[in-house]
Amino acid sequence: MPERQATPGDTTAGEREAPDLDGPTVEAPQDAPAAPSPGRADGPPAPRPRPAPSGPTDNDDFEVPHPLAPQPRPGTGPIPAPAAPANGASKTPDAADGQSGEPAGDAAPAEERRDVQNGAQQPSGTEQTVVLRPGPASAWFEPWADDPTQALPLTAAAPPADEGPTRPSALPGPPNQAPISQAMASVDPITERLPVTQAQEQPPTQLPPSAGTDGDRPRRRGRKILLTVAALVVLAGLAYGGDVLLSQGTIPRGVTVAGVSVGGLEPAAAEQKLRAAIEPRASKPVQVRLDEATSTLDPKAAGLAVDWPATMAAAGEQPLNPITRLTSLFQSRDVDVVSTVDAPRLDAALTELEPIVNRPASEGNVRFDGLTPVAVAPAPGQELDIAAAAAVVRRDWVSGTTIQLPLATIPPVTSPQSVEKAIASVARPAVAAPFTVTGEGGTSITLTPQQIATVLVFKPGPAGDLIGEVNPAALEQVAAPAFAPSERPGRDATIDFATGAPVVVPSQDGRGVDYAATAAAMGPPLIGTAGRQVAAVYAEKPAAMTTEKLKELGITGLVSEFTTRGFAADSGQNIKRAAEQVNGTVVQPGETFSLNARTNPRDATNGYVEAGIIEDGHPSRGIGGGVSQVATTLYNAAYFAGLTLVEHKEHSFYISRYPPGREATVFDNIIDLKFRNDTPTAIMIQTVWTPSSITVRMLGTKYYEVTSATGPRTLPTEPKTVTIPSGEPCSPSKGAPGFTVTDTRTLRNLKTGEVRTDPTRTVRYNPSPIVECGS
């Protein structure tokens, strides 16, 4: 290679210095060509060196020096030459290029360079000279001059255990490195500029948690949460305790009593505020609603009063539930007024309201419009729930609002489906054609479809179905004249008092049509399409009370007699029917008489008709109306006969044709009239009916003289106004006041003269309501 001529400003070979790269000064040999600077324009830039191959080469016994190889410390002595390889085939880098094994020019021997690279220790005090042999124009560090660099210290490493030849390093480096002077090596630490590669940003790599770092994070987080929760609990406890302490001596926050807010007030101030608001309400009638009807309740008559100490104690009780205390910040808490109640008086006041709403369930039925059967749908009944109503009144009577009283529903037995089935299977086939009943002696009757419609009745069955049948009493009324010539009438033995002295009228057995059996026989063919005919059933009819039996009773005369008057024509028919069922009944010594047992069922099948009744506190109509007059007449006859009064109930409203405090009513199998004969001899009951009166006589032996003492009418109560909504059945009424009366019966034994007084009976009649019908 031709040598470059020196120019002014050039240093000599002995003075030339390596560029200052924050490291030791590097000297180059005199004959080495100067490496061009990256910024010079006198030649093209040298290409970047390629990394040394990682695989073996022809000189794989030679170790390529690396700029980061550890250097000996200054003053450590001469570097010993390494031992020659056993085969003597070691080659220098020049030899690998096809040149001689000796270095050219002033370059240091290869052995010396290898010692420097291996980091051999030098004796202390000696100066080390490292000569860098520049390569061709492409010096190994010059191509990097334009790249970012950083200075790294070159720290000497410990000498390798085996100083034998090693494989070339895979790291890139200069193929020929100039020796480093001792002046440069004396600088500590040794540094060298290396290019910094601008690495591309790589996505973070998730590393497994190391012990004591990421693995402890969940535990540390859990401890923080527990500490936070504990702190909140402590703060909440302090706040709760402070709230309880600060609220002592006052009404709890958010409390209202009967709609009056008293929360936060002292008890005295709260009571004063409550009295001002509630006491005016406590003296006014309480408005109540019963279904669609409205009425009032007198709190004084019902025994209602405010218990102020108990009310204030209930309002002032501090709640300990933290949730209740917290919610009191946002909403009110109502406390009921505590009342003192006279329970019997409250129940009596509520009982007065029963007629307004109480009604039995209406069962399904079939009626005829001419010959067309019409369905009558069943309807539930209702009654005032006294116990529940009393609880509601006790709680809300001073609220100042209308109280809705609870009602109990009474379901019917039948259903609309059973009514439709009865129409299809019984009603229509029964009136499809005439029906003939034949009797003895050539007697017979052919019932027209219109007559069949009058004798056909329906009643609920045990399974909820509607059963159609022929009413024996109605059949007898229609057919009796036709069969009378074929019958022999009979009668019971009786006592006739027409002449004053008792005269025994002898009994007589009879024979005639058994209408109950005949009506039952008519059932199947009546709903058939063919053979619409049946023969009447005849039977013997022996006297129930024979002459011999009557004489054995020891009846010596009239024991008692009682008469009531005044009833409507339809009620009179039911009174007559009940009197017929009771007439001739004998009550033996020790025996108990029951009016329900003698007359039930009081329905159409047993000869009863629809008549006037009292329903919902006003006049209405129902089958069996008027029988209560028989009950009242019979009760008074037993009363004055000295018989033991076992069971009876007065009407809820006073009826002017009956003696006050001495009357009775009956209702289905619920309310009954019962008395017992505790005398030594039998009692026979005799009834006498006229179109305007009913008389009941007790025949037997008289043992007592009986008197009655009726007390004055006290505790009057004004009638309430009941408004019936428009469209509901309604009969207007002016009403009547209620009152309380007493009755005392006194009995004097006619044989011994001993006087006995029965306990006084107190009867309270409800006021009959003023009924106003909606327009």
# chains A, B, ... in the order shown; residues from 1 in each chain; ligands from 1
>>> residues_around(residues="A:Ser295", least_positions_apart="2", cutoff="10 Å", atoms="only C-alpha atoms", output="list in words")
Pro285, Val286, Gln287, Val288, Arg289, Leu290, Ala293, Leu297, Leu353, Ile356, Thr402, Ile403, Pro719, Lys720, Thr721, Val722, Thr723 and Pro769 of chain A
>>> write_last_selection(atoms="N, CA, C and O atoms", output="compact mmCIF listing (two decimals), in the first residue's frame")
# COMPACT_ATOMS: atom_id res chain seq x y z
N PRO A 285 -117.23 11.44 66.73
CA PRO A 285 -117.57 10.11 66.21
C PRO A 285 -116.53 9.63 65.21
O PRO A 285 -116.00 10.41 64.41
N VAL A 286 -116.24 8.36 65.27
CA VAL A 286 -115.24 7.76 64.38
C VAL A 286 -115.94 7.33 63.09
O VAL A 286 -116.92 6.57 63.13
N GLN A 287 -115.43 7.83 61.97
CA GLN A 287 -116.00 7.45 60.68
C GLN A 287 -115.49 6.06 60.29
O GLN A 287 -114.28 5.81 60.31
N VAL A 288 -116.42 5.18 59.94
CA VAL A 288 -116.05 3.82 59.54
C VAL A 288 -116.71 3.50 58.21
O VAL A 288 -117.75 4.04 57.86
N ARG A 289 -116.04 2.62 57.47
CA ARG A 289 -116.57 2.14 56.19
C ARG A 289 -116.67 0.63 56.26
O ARG A 289 -115.72 -0.05 56.63
N LEU A 290 -117.83 0.12 55.85
CA LEU A 290 -118.08 -1.32 55.81
C LEU A 290 -118.47 -1.67 54.39
O LEU A 290 -119.60 -1.39 53.97
N ALA A 293 -120.79 0.69 52.33
CA ALA A 293 -121.58 1.50 53.25
C ALA A 293 -120.67 2.23 54.24
O ALA A 293 -119.55 1.78 54.52
N LEU A 297 -118.95 5.52 64.71
CA LEU A 297 -118.77 4.78 65.96
C LEU A 297 -118.50 5.80 67.06
O LEU A 297 -117.60 6.64 66.93
N LEU A 353 -123.16 -2.67 64.08
CA LEU A 353 -122.91 -2.43 62.66
C LEU A 353 -123.12 -3.67 61.80
O LEU A 353 -123.12 -3.58 60.57
N ILE A 356 -125.68 -3.89 58.93
CA ILE A 356 -125.40 -3.07 57.75
C ILE A 356 -124.74 -3.90 56.66
O ILE A 356 -125.00 -3.70 55.47
N THR A 402 -111.15 7.95 57.85
CA THR A 402 -112.19 6.93 57.84
C THR A 402 -111.56 5.55 57.94
O THR A 402 -110.63 5.23 57.19
N ILE A 403 -112.06 4.76 58.87
CA ILE A 403 -111.48 3.43 59.12
C ILE A 403 -112.23 2.40 58.29
O ILE A 403 -113.46 2.32 58.34
N PRO A 719 -129.69 6.56 66.16
CA PRO A 719 -129.45 5.74 64.95
C PRO A 719 -128.37 6.33 64.07
O PRO A 719 -128.18 7.55 64.02
N LYS A 720 -127.67 5.50 63.38
CA LYS A 720 -126.64 5.91 62.44
C LYS A 720 -127.24 5.94 61.04
O LYS A 720 -128.18 5.23 60.73
N THR A 721 -126.62 6.76 60.22
CA THR A 721 -127.08 6.86 58.83
C THR A 721 -126.22 5.96 57.96
O THR A 721 -124.99 6.02 58.01
N VAL A 722 -126.89 5.15 57.21
CA VAL A 722 -126.22 4.24 56.30
C VAL A 722 -126.61 4.62 54.88
O VAL A 722 -127.81 4.72 54.57
N THR A 723 -125.59 4.84 54.05
CA THR A 723 -125.84 5.20 52.66
C THR A 723 -125.56 3.99 51.79
O THR A 723 -124.43 3.48 51.77
N PRO A 769 -130.80 1.63 61.91
CA PRO A 769 -130.14 2.69 61.14
C PRO A 769 -131.09 3.43 60.22
O PRO A 769 -132.12 2.90 59.77
>>> residues_around(residues="A:Asp678", least_positions_apart="5", cutoff="8 Å", atoms="only C-alpha atoms", output="PDB file with all heavy atoms, in the first residue's frame")
ATOM      1  N   PRO A 589    -141.152 -34.854  80.979  1.00  0.00           N
ATOM      2  CA  PRO A 589    -140.313 -34.358  82.080  1.00  0.00           C
ATOM      3  C   PRO A 589    -138.830 -34.608  81.799  1.00  0.00           C
ATOM      4  O   PRO A 589    -138.431 -35.711  81.396  1.00  0.00           O
ATOM      5  CB  PRO A 589    -140.801 -35.144  83.294  1.00  0.00           C
ATOM      6  CG  PRO A 589    -142.210 -35.497  82.966  1.00  0.00           C
ATOM      7  CD  PRO A 589    -142.214 -35.739  81.477  1.00  0.00           C
ATOM      8  N   GLY A 590    -138.033 -33.568  81.940  1.00  0.00           N
ATOM      9  CA  GLY A 590    -136.596 -33.658  81.674  1.00  0.00           C
ATOM     10  C   GLY A 590    -136.217 -33.509  80.220  1.00  0.00           C
ATOM     11  O   GLY A 590    -135.021 -33.482  79.886  1.00  0.00           O
ATOM     12  N   GLU A 591    -137.186 -33.391  79.321  1.00  0.00           N
ATOM     13  CA  GLU A 591    -136.899 -33.291  77.886  1.00  0.00           C
ATOM     14  C   GLU A 591    -136.734 -31.822  77.491  1.00  0.00           C
ATOM     15  O   GLU A 591    -137.378 -30.932  78.045  1.00  0.00           O
ATOM     16  CB  GLU A 591    -138.032 -33.934  77.101  1.00  0.00           C
ATOM     17  CG  GLU A 591    -137.781 -34.004  75.597  1.00  0.00           C
ATOM     18  CD  GLU A 591    -138.921 -34.664  74.849  1.00  0.00           C
ATOM     19  OE1 GLU A 591    -139.854 -35.162  75.508  1.00  0.00           O
ATOM     20  OE2 GLU A 591    -138.876 -34.692  73.606  1.00  0.00           O
ATOM     21  N   LEU A 643    -141.157 -23.079  82.734  1.00  0.00           N
ATOM     22  CA  LEU A 643    -140.179 -24.013  82.188  1.00  0.00           C
ATOM     23  C   LEU A 643    -138.784 -23.386  82.222  1.00  0.00           C
ATOM     24  O   LEU A 643    -138.628 -22.146  82.266  1.00  0.00           O
ATOM     25  CB  LEU A 643    -140.564 -24.401  80.758  1.00  0.00           C
ATOM     26  CG  LEU A 643    -141.973 -25.023  80.594  1.00  0.00           C
ATOM     27  CD1 LEU A 643    -142.241 -25.346  79.126  1.00  0.00           C
ATOM     28  CD2 LEU A 643    -142.118 -26.272  81.456  1.00  0.00           C
ATOM     29  N   THR A 644    -137.779 -24.227  82.189  1.00  0.00           N
ATOM     30  CA  THR A 644    -136.397 -23.742  82.265  1.00  0.00           C
ATOM     31  C   THR A 644    -135.968 -23.229  80.895  1.00  0.00           C
ATOM     32  O   THR A 644    -136.012 -23.971  79.899  1.00  0.00           O
ATOM     33  CB  THR A 644    -135.464 -24.865  82.722  1.00  0.00           C
ATOM     34  OG1 THR A 644    -135.898 -25.336  84.001  1.00  0.00           O
ATOM     35  CG2 THR A 644    -134.032 -24.376  82.812  1.00  0.00           C
TER      36      THR A 644
END
>>> atom_distance(atom1="atom CA of A:Ile670", atom2="atom CA of A:Pro380")
18.0 Å
>>> select_by_dssp(residues="stretch 341-408 of chain A", states="helix (DSSP H, G or I)", output="ChimeraX atom specification")
/A:343-351,354-357,386-396
>>> closest_residue(among="A:Arg367, A:Lys459, A:Arg577, A:Lys284", to="A:Ala427", atoms="only C-alpha atoms")
A:Arg367
>>> atom_distance(atom1="atom CA of A:Arg394", atom2="atom CA of A:Ala361")
29.3 Å
